[in-house]
>>> print(open('run_18.txt').read())   # compact mmCIF, C-alpha atoms
# COMPACT_ATOMS: atom_id res chain seq x y z
CA MET A 721 171.24 88.51 96.69
CA ALA A 722 172.47 90.69 99.54
CA ASN A 723 174.72 88.15 101.27
CA ILE A 724 175.72 85.68 98.56
CA LYS A 725 177.53 86.34 95.30
CA CYS A 726 176.82 83.85 92.53
CA GLU A 727 178.91 83.78 89.38
CA ARG A 728 178.72 81.44 86.41
CA ILE A 729 182.12 80.60 84.92
CA ASP A 730 181.99 78.34 81.87
CA HIS A 731 179.86 75.38 83.00
CA PHE A 732 180.34 75.98 86.73
CA VAL A 733 178.75 78.12 89.42
CA SER A 734 180.70 79.88 92.15
CA ILE A 735 178.77 80.63 95.35
CA ARG A 736 180.65 83.06 97.58
CA LEU A 737 179.60 84.09 101.09
CA GLU A 738 179.84 87.87 100.96
CA CYS A 739 178.20 89.45 104.00
CA GLY A 740 180.91 91.44 105.75
CA GLU A 741 184.43 90.61 106.86
CA THR A 742 183.43 87.69 109.09
CA ASN A 743 180.65 86.28 106.86
CA VAL A 744 178.61 85.26 109.90
CA LEU A 745 175.53 83.11 109.39
CA THR A 746 172.01 84.41 109.99
CA MET A 747 168.66 83.13 108.80
CA ASP A 748 168.77 85.51 105.83
CA VAL A 749 172.24 84.28 104.81
CA LEU A 750 171.15 80.64 105.06
CA ARG A 751 168.00 81.27 103.03
CA GLU A 752 170.05 82.89 100.28
CA LEU A 753 172.61 80.08 100.38
CA SER A 754 169.87 77.47 100.07
CA GLU A 755 168.36 79.32 97.11
CA ALA A 756 171.78 79.66 95.45
CA ILE A 757 172.50 75.93 95.79
CA ARG A 758 169.08 75.05 94.39
CA ASP A 759 169.59 77.40 91.44
CA ALA A 760 173.13 76.13 90.76
CA GLU A 761 171.84 72.56 90.35
CA THR A 762 169.87 73.70 87.29
CA ARG A 763 172.50 76.01 85.80
CA GLY A 764 175.84 74.24 85.91
CA ARG A 765 177.88 71.06 85.95
CA GLY A 766 179.62 71.77 89.24
CA LEU A 767 179.59 74.12 92.22
CA LEU A 768 182.39 75.93 94.06
CA LEU A 769 181.63 77.14 97.60
CA CYS A 770 183.94 79.85 98.91
CA GLY A 771 184.11 82.90 101.17
CA GLY A 772 186.29 85.86 102.05
CA ASP A 773 190.02 86.42 102.46
CA LYS A 774 189.98 86.59 106.27
CA PHE A 775 186.94 84.43 107.01
CA PHE A 776 185.22 81.79 104.95
CA SER A 777 182.71 82.27 107.77
CA ASN A 778 182.91 82.74 111.53
CA GLY A 779 179.81 80.58 112.01
CA VAL A 780 176.51 81.66 113.50
CA ASP A 781 176.21 85.38 114.25
CA LEU A 782 176.02 85.27 118.05
CA GLU A 783 174.87 88.85 118.47
CA TRP A 784 172.02 88.22 116.04
CA ALA A 785 171.19 84.79 117.49
CA LEU A 786 170.98 86.06 121.07
CA SER A 787 168.27 88.50 120.01
CA GLN A 788 166.08 85.74 118.54
CA SER A 789 163.25 83.77 120.12
CA SER A 790 163.54 80.05 120.81
CA ALA A 791 161.37 79.37 117.76
CA GLN A 792 163.63 81.50 115.57
CA ILE A 793 166.77 79.80 116.88
CA ARG A 794 165.22 76.41 116.18
CA ALA A 795 164.33 77.52 112.65
CA MET A 796 167.89 78.76 112.07
CA PHE A 797 169.47 75.46 113.18
CA LEU A 798 167.01 73.55 110.99
CA LYS A 799 167.86 75.76 108.01
CA LEU A 800 171.58 75.21 108.51
CA GLY A 801 170.96 71.46 108.59
CA GLN A 802 168.91 71.70 105.41
CA CYS A 803 171.74 73.57 103.66
CA ILE A 804 174.17 70.82 104.65
CA LEU A 805 171.80 68.16 103.31
CA GLN A 806 171.39 70.14 100.08
CA ILE A 807 175.14 70.11 99.51
CA MET A 808 175.47 66.43 100.34
CA GLU A 809 172.50 65.43 98.18
CA CYS A 810 173.34 67.72 95.26
CA PRO A 811 173.94 65.44 92.25
CA LEU A 812 176.65 67.79 90.97
CA PRO A 813 180.23 67.86 92.26
CA VAL A 814 180.59 70.43 95.06
CA VAL A 815 184.07 71.67 95.99
CA GLY A 816 184.78 73.95 98.94
CA ALA A 817 187.73 76.35 99.14
CA ILE A 818 188.60 78.47 102.17
CA LYS A 819 191.06 81.36 102.14
CA GLY A 820 190.07 82.31 105.70
CA HIS A 821 188.80 80.77 108.94
CA ALA A 822 185.86 78.31 108.89
CA ILE A 823 184.44 78.09 112.40
CA GLY A 824 181.45 76.25 113.90
CA GLY A 825 178.55 75.91 111.49
CA ALA A 826 180.76 77.19 108.67
CA MET A 827 183.08 74.23 109.11
CA ALA A 828 180.05 71.94 108.77
CA LEU A 829 179.15 73.59 105.45
CA LEU A 830 182.71 73.00 104.26
CA LEU A 831 182.70 69.35 105.38
CA ALA A 832 179.52 68.73 103.39
CA CYS A 833 181.41 69.41 100.15
CA ASP A 834 182.75 66.51 98.08
CA TYR A 835 186.29 67.94 98.06
CA ARG A 836 187.72 70.58 100.39
CA TYR A 837 190.78 72.83 100.12
CA GLY A 838 192.27 75.37 102.51
CA ALA A 839 194.84 78.15 102.42
CA THR A 840 198.15 77.90 104.19
CA GLY A 841 199.16 80.36 106.88
CA ARG A 842 196.95 81.27 109.83
CA VAL A 843 193.70 79.79 108.51
CA LEU A 844 191.82 78.02 111.28
CA VAL A 845 188.99 75.49 111.33
CA GLY A 846 187.17 74.01 114.28
CA LYS A 847 184.02 73.39 116.28
CA PRO A 848 184.25 75.53 119.47
CA GLU A 849 180.57 75.26 120.41
CA ILE A 850 181.21 73.25 123.59
CA LEU A 851 183.29 76.14 124.95
CA LEU A 852 180.17 78.31 124.62
CA GLY A 853 178.11 75.91 126.72
CA VAL A 854 176.22 74.33 123.83
CA PRO A 855 176.68 71.06 121.96
CA ASN A 856 177.25 70.88 118.24
CA PRO A 857 174.03 70.49 116.28
CA TYR A 858 173.49 66.78 115.59
CA TYR A 859 174.28 67.11 111.89
CA SER A 860 177.56 68.96 112.59
CA ASP A 861 178.67 66.42 115.19
CA GLN A 862 177.85 63.45 112.99
CA LEU A 863 179.29 65.02 109.84
CA LEU A 864 182.67 65.61 111.46
CA ARG A 865 182.70 61.99 112.66
CA PHE A 866 181.59 60.80 109.19
CA VAL A 867 184.44 62.65 107.47
CA ALA A 868 187.30 62.57 110.00
CA GLY A 869 186.53 59.48 112.06
CA ASP A 870 185.47 59.23 115.69
CA PHE A 871 188.93 59.60 117.25
CA THR A 872 189.81 62.89 115.57
CA ALA A 873 186.27 64.24 115.69
CA SER A 874 185.85 63.57 119.42
CA ASN A 875 189.11 65.35 120.17
CA LEU A 876 188.01 68.45 118.25
CA ILE A 877 184.42 68.43 119.52
CA TYR A 878 185.22 67.81 123.20
CA THR A 879 188.07 70.34 123.39
CA GLY A 880 186.62 72.96 121.04
CA LYS A 881 190.13 73.70 119.78
CA LEU A 882 190.84 75.30 116.44
CA ILE A 883 193.44 73.83 114.12
CA SER A 884 195.24 75.09 111.03
CA ALA A 885 194.32 74.11 107.50
CA GLU A 886 197.59 72.18 107.31
CA GLU A 887 196.61 70.14 110.39
CA ALA A 888 193.14 69.58 108.93
CA CYS A 889 194.78 68.22 105.79
CA ALA A 890 196.94 65.88 107.88
CA PHE A 891 193.75 64.66 109.61
CA HIS A 892 192.25 63.98 106.17
CA PHE A 893 189.27 66.30 106.27
CA LEU A 894 190.85 68.73 103.83
CA HIS A 895 192.05 67.26 100.55
CA GLY A 896 194.81 69.79 100.04
CA VAL A 897 196.28 73.17 100.96
CA ASP A 898 197.92 75.93 98.97
CA ASP A 899 198.63 79.63 99.40
CA LYS A 900 195.75 82.10 99.44
CA ALA A 901 196.44 83.28 95.91
CA SER A 902 196.22 79.74 94.50
CA VAL A 903 193.82 77.72 96.65
CA GLU A 904 190.64 78.59 94.75
CA ASN A 905 192.39 77.80 91.44
CA ILE A 906 193.30 74.36 92.82
CA ALA A 907 189.65 73.88 93.79
CA TRP A 908 188.50 74.93 90.30
CA LYS A 909 190.81 72.37 88.70
CA GLN A 910 189.38 69.63 90.89
CA LEU A 911 185.84 70.73 90.03
CA GLN A 912 186.66 70.61 86.32
CA PHE A 913 188.14 67.12 86.72
CA LEU A 914 185.03 65.87 88.56
CA SER A 915 182.71 67.38 85.95
CA ASP A 916 184.36 65.26 83.25
CA ILE A 917 183.10 62.11 84.99
CA ALA A 918 179.88 60.74 83.55
CA PRO A 919 177.20 62.77 85.43
CA GLU A 920 174.89 59.87 86.28
CA ALA A 921 177.80 57.73 87.48
CA PHE A 922 179.08 60.53 89.70
CA ALA A 923 175.63 61.32 91.11
CA GLU A 924 174.93 57.67 91.95
CA SER A 925 178.36 57.24 93.54
CA LYS A 926 177.67 60.30 95.69
CA ARG A 927 174.25 58.97 96.68
CA MET A 928 175.82 55.67 97.74
CA ARG A 929 178.36 57.46 99.90
CA ASN A 930 175.99 59.94 101.53
CA GLY A 931 172.57 58.31 101.37
CA HIS A 932 172.44 56.51 104.74
CA PHE A 933 174.06 59.46 106.50
CA CYS A 934 171.56 61.97 105.09
CA ALA A 935 168.60 59.71 105.89
CA ASP A 936 169.74 59.45 109.52
CA ILE A 937 170.23 63.21 109.80
CA ARG A 938 166.80 63.89 108.34
CA GLU A 939 165.18 61.43 110.76
CA GLN A 940 166.95 62.74 113.87
CA MET A 941 167.33 66.45 113.11
CA SER A 942 164.08 67.85 114.50
CA SER A 943 164.23 66.14 117.90
CA ARG A 944 167.96 66.74 118.32
CA ILE A 945 167.60 70.43 117.53
CA ALA A 946 164.76 70.70 120.07
CA ARG A 947 167.24 69.50 122.70
CA GLN A 948 169.90 71.85 121.29
CA VAL A 949 167.58 74.81 121.83
CA GLU A 950 166.80 73.72 125.40
CA ILE A 951 170.50 73.75 126.23
CA TRP A 952 170.98 77.02 124.33
CA ASN A 953 168.39 78.64 126.63
CA SER A 954 169.93 77.32 129.87
CA ASP A 955 171.43 79.84 132.30
CA GLU A 956 174.96 78.49 131.87
CA ALA A 957 174.84 78.53 128.08
CA GLN A 958 173.33 82.01 127.96
CA SER A 959 176.05 83.33 130.26
CA ARG A 960 178.80 81.83 128.09
CA LEU A 961 177.15 82.90 124.84
CA HIS A 962 176.72 86.51 125.96
CA ALA A 963 180.32 86.64 127.16
CA ALA A 964 181.51 85.32 123.80
CA ALA A 965 179.36 87.85 121.93
CA GLU A 966 180.89 90.66 124.00
CA ARG A 967 184.42 89.45 123.21
CA LEU A 968 183.67 89.30 119.50
CA ALA A 969 182.22 92.81 119.54
CA ARG A 970 185.43 94.37 120.91
>>> encode(input="run_18.txt", output="structure tokens")
Amino acid sequence: MANIKCERIDHFVSIRLECGETNVLTMDVLRELSEAIRDAETRGRGLLLCGGDKFFSNGVDLEWALSQSSAQIRAMFLKLGQCILQIMECPLPVVGAIKGHAIGGAMALLLACDYRYGATGRVLVGKPEILLGVPNPYYSDQLLRFVAGDFTASNLIYTGKLISAEEACAFHFLHGVDDKASVENIAWKQLQFLSDIAPEAFAESKRMRNGHFCADIREQMSSRIARQVEIWNSDEAQSRLHAAAERLAR
């Protein structure tokens, strides 16, 4: 795979986003991620999702996205939603570990994991989409509310602010923090602990937690993304998105 590095370690599979310093998400990246998750379900007893030292992922690649047609943008948002559902419906334990920033859609991928760990220092997470003139995709909005609660989620979604991994831990949507050199080891230990649980008992417990949420997302996703794309193509959103892409390119 060109954008994803998969590694089997003992009975576990590590899936690492590895597509440049910022690990931005494109349709190709999401296709590879989906394939890697599907393959990991058949090859291991647990899955670790991780990224780079500076960025777990900076979210959707704006420069790439702004060159796509409406149909392609819709397909990309649908694929991101499908990846999130794959993680949440995977019967294996899935642990996420970030040594770098997890922004926008990347934060949603992290939140889909069963356990989530972040590095200390200047490691930021957040959902800044509203500042770009677009709403969060339905699954991202609802997932943040599902994990963090409406009060905290609304504050992050409506302001678009980024917070540190330590703050995210205090808000209870990261399970722990450690320094960059150790955070993935902490995640591995948690994955090993979860894999010792009886597999069928773990899988059913996960289905009970996530089942209603995933069913709602699957039912609503297509129509909500259609509205997302309408707003994406509005004059105001396009102006803000192009300005943001220019800032990121500097």
>>> closest_residue(input="run_18.txt", among="A:Ala888, A:Val815, A:Val949, A:Ala868", to="Gly846 (chain A)", atoms="only C-alpha atoms")
A:Ala888
>>> closest_atom_pairs(input="run_18.txt", of="region 765-876 of chain A", to="region 745-750 of chain A", cutoff="12 Å", atoms="all atoms listed in the file", output="Markdown table")
| residue | atom | partner | partner_atom | distance |
| --- | --- | --- | --- | --- |
| A:Gly771 | CA | A:Leu745 | CA | 11.9 |
| A:Phe775 | CA | A:Leu745 | CA | 11.7 |
| A:Phe776 | CA | A:Leu745 | CA | 10.7 |
| A:Ser777 | CA | A:Leu745 | CA | 7.4 |
| A:Asn778 | CA | A:Leu745 | CA | 7.7 |
| A:Gly779 | CA | A:Leu745 | CA | 5.6 |
| A:Val780 | CA | A:Leu745 | CA | 4.5 |
| A:Asp781 | CA | A:Leu745 | CA | 5.4 |
| A:Leu782 | CA | A:Leu745 | CA | 8.9 |
| A:Glu783 | CA | A:Thr746 | CA | 10.0 |
| A:Trp784 | CA | A:Thr746 | CA | 7.1 |
| A:Ala785 | CA | A:Thr746 | CA | 7.6 |
| A:Leu786 | CA | A:Thr746 | CA | 11.2 |
| A:Ser787 | CA | A:Thr746 | CA | 11.5 |
| A:Gln788 | CA | A:Met747 | CA | 10.4 |
| A:Gln792 | CA | A:Met747 | CA | 8.6 |
| A:Ile793 | CA | A:Met747 | CA | 8.9 |
| A:Arg794 | CA | A:Met747 | CA | 10.6 |
| A:Ala795 | CA | A:Met747 | CA | 8.1 |
| A:Met796 | CA | A:Met747 | CA | 5.5 |
| A:Phe797 | CA | A:Met747 | CA | 8.9 |
| A:Leu798 | CA | A:Met747 | CA | 10.0 |
| A:Lys799 | CA | A:Leu750 | CA | 6.6 |
| A:Leu800 | CA | A:Leu750 | CA | 6.4 |
| A:Gly801 | CA | A:Leu750 | CA | 9.8 |
| A:Gln802 | CA | A:Leu750 | CA | 9.2 |
| A:Cys803 | CA | A:Leu750 | CA | 7.2 |
| A:Ile804 | CA | A:Leu750 | CA | 10.3 |
| A:Gln806 | CA | A:Leu750 | CA | 11.6 |
| A:Ala822 | CA | A:Leu745 | CA | 11.4 |
| A:Ile823 | CA | A:Leu745 | CA | 10.7 |
| A:Gly824 | CA | A:Leu745 | CA | 10.1 |
| A:Gly825 | CA | A:Leu745 | CA | 8.1 |
| A:Ala826 | CA | A:Leu745 | CA | 7.9 |
| A:Met827 | CA | A:Leu745 | CA | 11.7 |
| A:Leu829 | CA | A:Leu750 | CA | 10.7 |
>>> closest_residue(input="run_18.txt", among="A:Ala828, A:Met928, A:Leu805, A:Ala760", to="Met941 (chain A)", atoms="all atoms listed in the file")
A:Leu805
>>> closest_residue(input="run_18.txt", among="A:His821, A:Ile883, A:Ser915, A:Leu863", to="Val733 (chain A)", atoms="only C-alpha atoms")
A:Ser915
>>> closest_residue(input="run_18.txt", among="A:Glu849, A:Ala873, A:Asn905, A:Phe893", to="Cys833 (chain A)", atoms="only C-alpha atoms")
A:Phe893
>>> decode(input="run_18.txt", residues="region 752-868 of chain A", atoms="C-alpha atoms", output="PDB file, in the first residue's frame")
ATOM      1  CA  GLU A 752      -6.361   1.716   1.568  1.00  0.00           C
ATOM      2  CA  LEU A 753      -7.390   2.244   5.187  1.00  0.00           C
ATOM      3  CA  SER A 754     -10.667   0.419   4.599  1.00  0.00           C
ATOM      4  CA  GLU A 755      -8.838  -2.475   2.959  1.00  0.00           C
ATOM      5  CA  ALA A 756      -6.294  -2.613   5.808  1.00  0.00           C
ATOM      6  CA  ILE A 757      -9.029  -2.743   8.463  1.00  0.00           C
ATOM      7  CA  ARG A 758     -10.865  -5.476   6.567  1.00  0.00           C
ATOM      8  CA  ASP A 759      -7.658  -7.508   6.226  1.00  0.00           C
ATOM      9  CA  ALA A 760      -6.704  -7.012   9.890  1.00  0.00           C
ATOM     10  CA  GLU A 761     -10.001  -8.561  11.027  1.00  0.00           C
ATOM     11  CA  THR A 762      -8.919 -11.858   9.461  1.00  0.00           C
ATOM     12  CA  ARG A 763      -5.262 -11.769  10.504  1.00  0.00           C
ATOM     13  CA  GLY A 764      -5.092 -10.731  14.136  1.00  0.00           C
ATOM     14  CA  ARG A 765      -6.647 -10.532  17.577  1.00  0.00           C
ATOM     15  CA  GLY A 766      -6.459  -6.756  17.846  1.00  0.00           C
ATOM     16  CA  LEU A 767      -5.717  -3.624  15.851  1.00  0.00           C
ATOM     17  CA  LEU A 768      -3.610  -0.548  16.622  1.00  0.00           C
ATOM     18  CA  LEU A 769      -4.330   2.603  14.587  1.00  0.00           C
ATOM     19  CA  CYS A 770      -1.554   5.184  14.561  1.00  0.00           C
ATOM     20  CA  GLY A 771       0.117   7.877  12.453  1.00  0.00           C
ATOM     21  CA  GLY A 772       3.194  10.063  12.280  1.00  0.00           C
ATOM     22  CA  ASP A 773       5.281  11.963  14.811  1.00  0.00           C
ATOM     23  CA  LYS A 774       3.993  15.432  13.883  1.00  0.00           C
ATOM     24  CA  PHE A 775       0.530  14.522  12.580  1.00  0.00           C
ATOM     25  CA  PHE A 776      -1.630  11.505  13.184  1.00  0.00           C
ATOM     26  CA  SER A 777      -3.510  13.193  10.340  1.00  0.00           C
ATOM     27  CA  ASN A 778      -4.432  16.756   9.436  1.00  0.00           C
ATOM     28  CA  GLY A 779      -7.818  15.610   8.139  1.00  0.00           C
ATOM     29  CA  VAL A 780      -9.115  15.901   4.603  1.00  0.00           C
ATOM     30  CA  ASP A 781      -6.586  17.182   2.058  1.00  0.00           C
ATOM     31  CA  LEU A 782      -8.178  20.526   1.173  1.00  0.00           C
ATOM     32  CA  GLU A 783      -6.045  21.148  -1.894  1.00  0.00           C
ATOM     33  CA  TRP A 784      -7.018  17.746  -3.268  1.00  0.00           C
ATOM     34  CA  ALA A 785     -10.680  18.091  -2.238  1.00  0.00           C
ATOM     35  CA  LEU A 786     -11.103  21.488  -3.885  1.00  0.00           C
ATOM     36  CA  SER A 787     -10.081  19.967  -7.218  1.00  0.00           C
ATOM     37  CA  GLN A 788     -12.787  17.277  -7.032  1.00  0.00           C
ATOM     38  CA  SER A 789     -16.299  17.258  -8.458  1.00  0.00           C
ATOM     39  CA  SER A 790     -19.366  17.275  -6.223  1.00  0.00           C
ATOM     40  CA  ALA A 791     -19.824  13.563  -6.901  1.00  0.00           C
ATOM     41  CA  GLN A 792     -16.231  12.850  -5.893  1.00  0.00           C
ATOM     42  CA  ILE A 793     -16.544  14.905  -2.708  1.00  0.00           C
ATOM     43  CA  ARG A 794     -19.727  13.032  -1.823  1.00  0.00           C
ATOM     44  CA  ALA A 795     -17.965   9.708  -2.424  1.00  0.00           C
ATOM     45  CA  MET A 796     -15.053  10.779  -0.220  1.00  0.00           C
ATOM     46  CA  PHE A 797     -17.308  11.752   2.704  1.00  0.00           C
ATOM     47  CA  LEU A 798     -19.203   8.473   2.329  1.00  0.00           C
ATOM     48  CA  LYS A 799     -15.941   6.520   2.340  1.00  0.00           C
ATOM     49  CA  LEU A 800     -14.762   8.281   5.489  1.00  0.00           C
ATOM     50  CA  GLY A 801     -18.062   7.396   7.154  1.00  0.00           C
ATOM     51  CA  GLN A 802     -17.690   3.791   6.059  1.00  0.00           C
ATOM     52  CA  CYS A 803     -14.185   3.635   7.581  1.00  0.00           C
ATOM     53  CA  ILE A 804     -15.560   4.934  10.877  1.00  0.00           C
ATOM     54  CA  LEU A 805     -18.316   2.314  10.825  1.00  0.00           C
ATOM     55  CA  GLN A 806     -15.750  -0.389  10.037  1.00  0.00           C
ATOM     56  CA  ILE A 807     -13.748   0.515  13.127  1.00  0.00           C
ATOM     57  CA  MET A 808     -16.819   0.694  15.349  1.00  0.00           C
ATOM     58  CA  GLU A 809     -18.243  -2.585  14.038  1.00  0.00           C
ATOM     59  CA  CYS A 810     -14.940  -4.470  13.979  1.00  0.00           C
ATOM     60  CA  PRO A 811     -15.343  -7.400  16.405  1.00  0.00           C
ATOM     61  CA  LEU A 812     -11.693  -7.079  17.451  1.00  0.00           C
ATOM     62  CA  PRO A 813     -10.383  -4.535  19.959  1.00  0.00           C
ATOM     63  CA  VAL A 814      -9.206  -1.376  18.172  1.00  0.00           C
ATOM     64  CA  VAL A 815      -6.890   1.024  20.008  1.00  0.00           C
ATOM     65  CA  GLY A 816      -5.837   4.403  18.625  1.00  0.00           C
ATOM     66  CA  ALA A 817      -2.581   6.166  19.523  1.00  0.00           C
ATOM     67  CA  ILE A 818      -1.602   9.643  18.350  1.00  0.00           C
ATOM     68  CA  LYS A 819       1.892  11.102  18.628  1.00  0.00           C
ATOM     69  CA  GLY A 820       0.845  14.127  16.552  1.00  0.00           C
ATOM     70  CA  HIS A 821      -2.189  16.278  15.765  1.00  0.00           C
ATOM     71  CA  ALA A 822      -5.543  14.652  14.876  1.00  0.00           C
ATOM     72  CA  ILE A 823      -7.702  17.245  13.144  1.00  0.00           C
ATOM     73  CA  GLY A 824     -11.161  17.115  11.545  1.00  0.00           C
ATOM     74  CA  GLY A 825     -11.939  13.764   9.960  1.00  0.00           C
ATOM     75  CA  ALA A 826      -8.811  12.298  11.545  1.00  0.00           C
ATOM     76  CA  MET A 827     -10.201  13.013  14.991  1.00  0.00           C
ATOM     77  CA  ALA A 828     -13.358  11.114  14.008  1.00  0.00           C
ATOM     78  CA  LEU A 829     -11.249   8.082  13.039  1.00  0.00           C
ATOM     79  CA  LEU A 830      -9.562   8.249  16.430  1.00  0.00           C
ATOM     80  CA  LEU A 831     -12.872   8.565  18.303  1.00  0.00           C
ATOM     81  CA  ALA A 832     -14.166   5.432  16.564  1.00  0.00           C
ATOM     82  CA  CYS A 833     -11.513   3.346  18.347  1.00  0.00           C
ATOM     83  CA  ASP A 834     -12.397   1.426  21.512  1.00  0.00           C
ATOM     84  CA  TYR A 835      -9.542   3.028  23.480  1.00  0.00           C
ATOM     85  CA  ARG A 836      -7.620   6.187  22.588  1.00  0.00           C
ATOM     86  CA  TYR A 837      -4.261   7.537  23.757  1.00  0.00           C
ATOM     87  CA  GLY A 838      -2.405  10.754  22.966  1.00  0.00           C
ATOM     88  CA  ALA A 839       1.072  12.179  23.399  1.00  0.00           C
ATOM     89  CA  THR A 840       1.820  14.994  25.786  1.00  0.00           C
ATOM     90  CA  GLY A 841       3.261  18.280  24.596  1.00  0.00           C
ATOM     91  CA  ARG A 842       1.823  20.279  21.710  1.00  0.00           C
ATOM     92  CA  VAL A 843      -0.433  17.574  20.281  1.00  0.00           C
ATOM     93  CA  LEU A 844      -3.780  19.021  19.244  1.00  0.00           C
ATOM     94  CA  VAL A 845      -7.166  17.503  18.463  1.00  0.00           C
ATOM     95  CA  GLY A 846     -10.317  19.205  17.268  1.00  0.00           C
ATOM     96  CA  LYS A 847     -13.075  19.699  14.728  1.00  0.00           C
ATOM     97  CA  PRO A 848     -12.441  23.076  12.998  1.00  0.00           C
ATOM     98  CA  GLU A 849     -14.792  22.479  10.056  1.00  0.00           C
ATOM     99  CA  ILE A 850     -17.252  25.211  11.061  1.00  0.00           C
ATOM    100  CA  LEU A 851     -14.459  27.790  10.743  1.00  0.00           C
ATOM    101  CA  LEU A 852     -14.115  26.718   7.098  1.00  0.00           C
ATOM    102  CA  GLY A 853     -17.800  27.380   6.418  1.00  0.00           C
ATOM    103  CA  VAL A 854     -18.895  23.742   6.444  1.00  0.00           C
ATOM    104  CA  PRO A 855     -20.572  21.595   9.092  1.00  0.00           C
ATOM    105  CA  ASN A 856     -19.060  18.412  10.426  1.00  0.00           C
ATOM    106  CA  PRO A 857     -20.196  15.340   8.526  1.00  0.00           C
ATOM    107  CA  TYR A 858     -23.146  13.808  10.385  1.00  0.00           C
ATOM    108  CA  TYR A 859     -21.132  10.818  11.596  1.00  0.00           C
ATOM    109  CA  SER A 860     -18.342  13.056  12.963  1.00  0.00           C
ATOM    110  CA  ASP A 861     -20.783  15.340  14.767  1.00  0.00           C
ATOM    111  CA  GLN A 862     -22.722  12.475  16.297  1.00  0.00           C
ATOM    112  CA  LEU A 863     -19.611  10.471  17.182  1.00  0.00           C
ATOM    113  CA  LEU A 864     -18.107  13.332  19.172  1.00  0.00           C
ATOM    114  CA  ARG A 865     -21.410  13.734  21.032  1.00  0.00           C
ATOM    115  CA  PHE A 866     -21.600   9.954  21.575  1.00  0.00           C
ATOM    116  CA  VAL A 867     -18.122   9.832  23.106  1.00  0.00           C
ATOM    117  CA  ALA A 868     -17.737  13.190  24.878  1.00  0.00           C
TER     118      ALA A 868
END
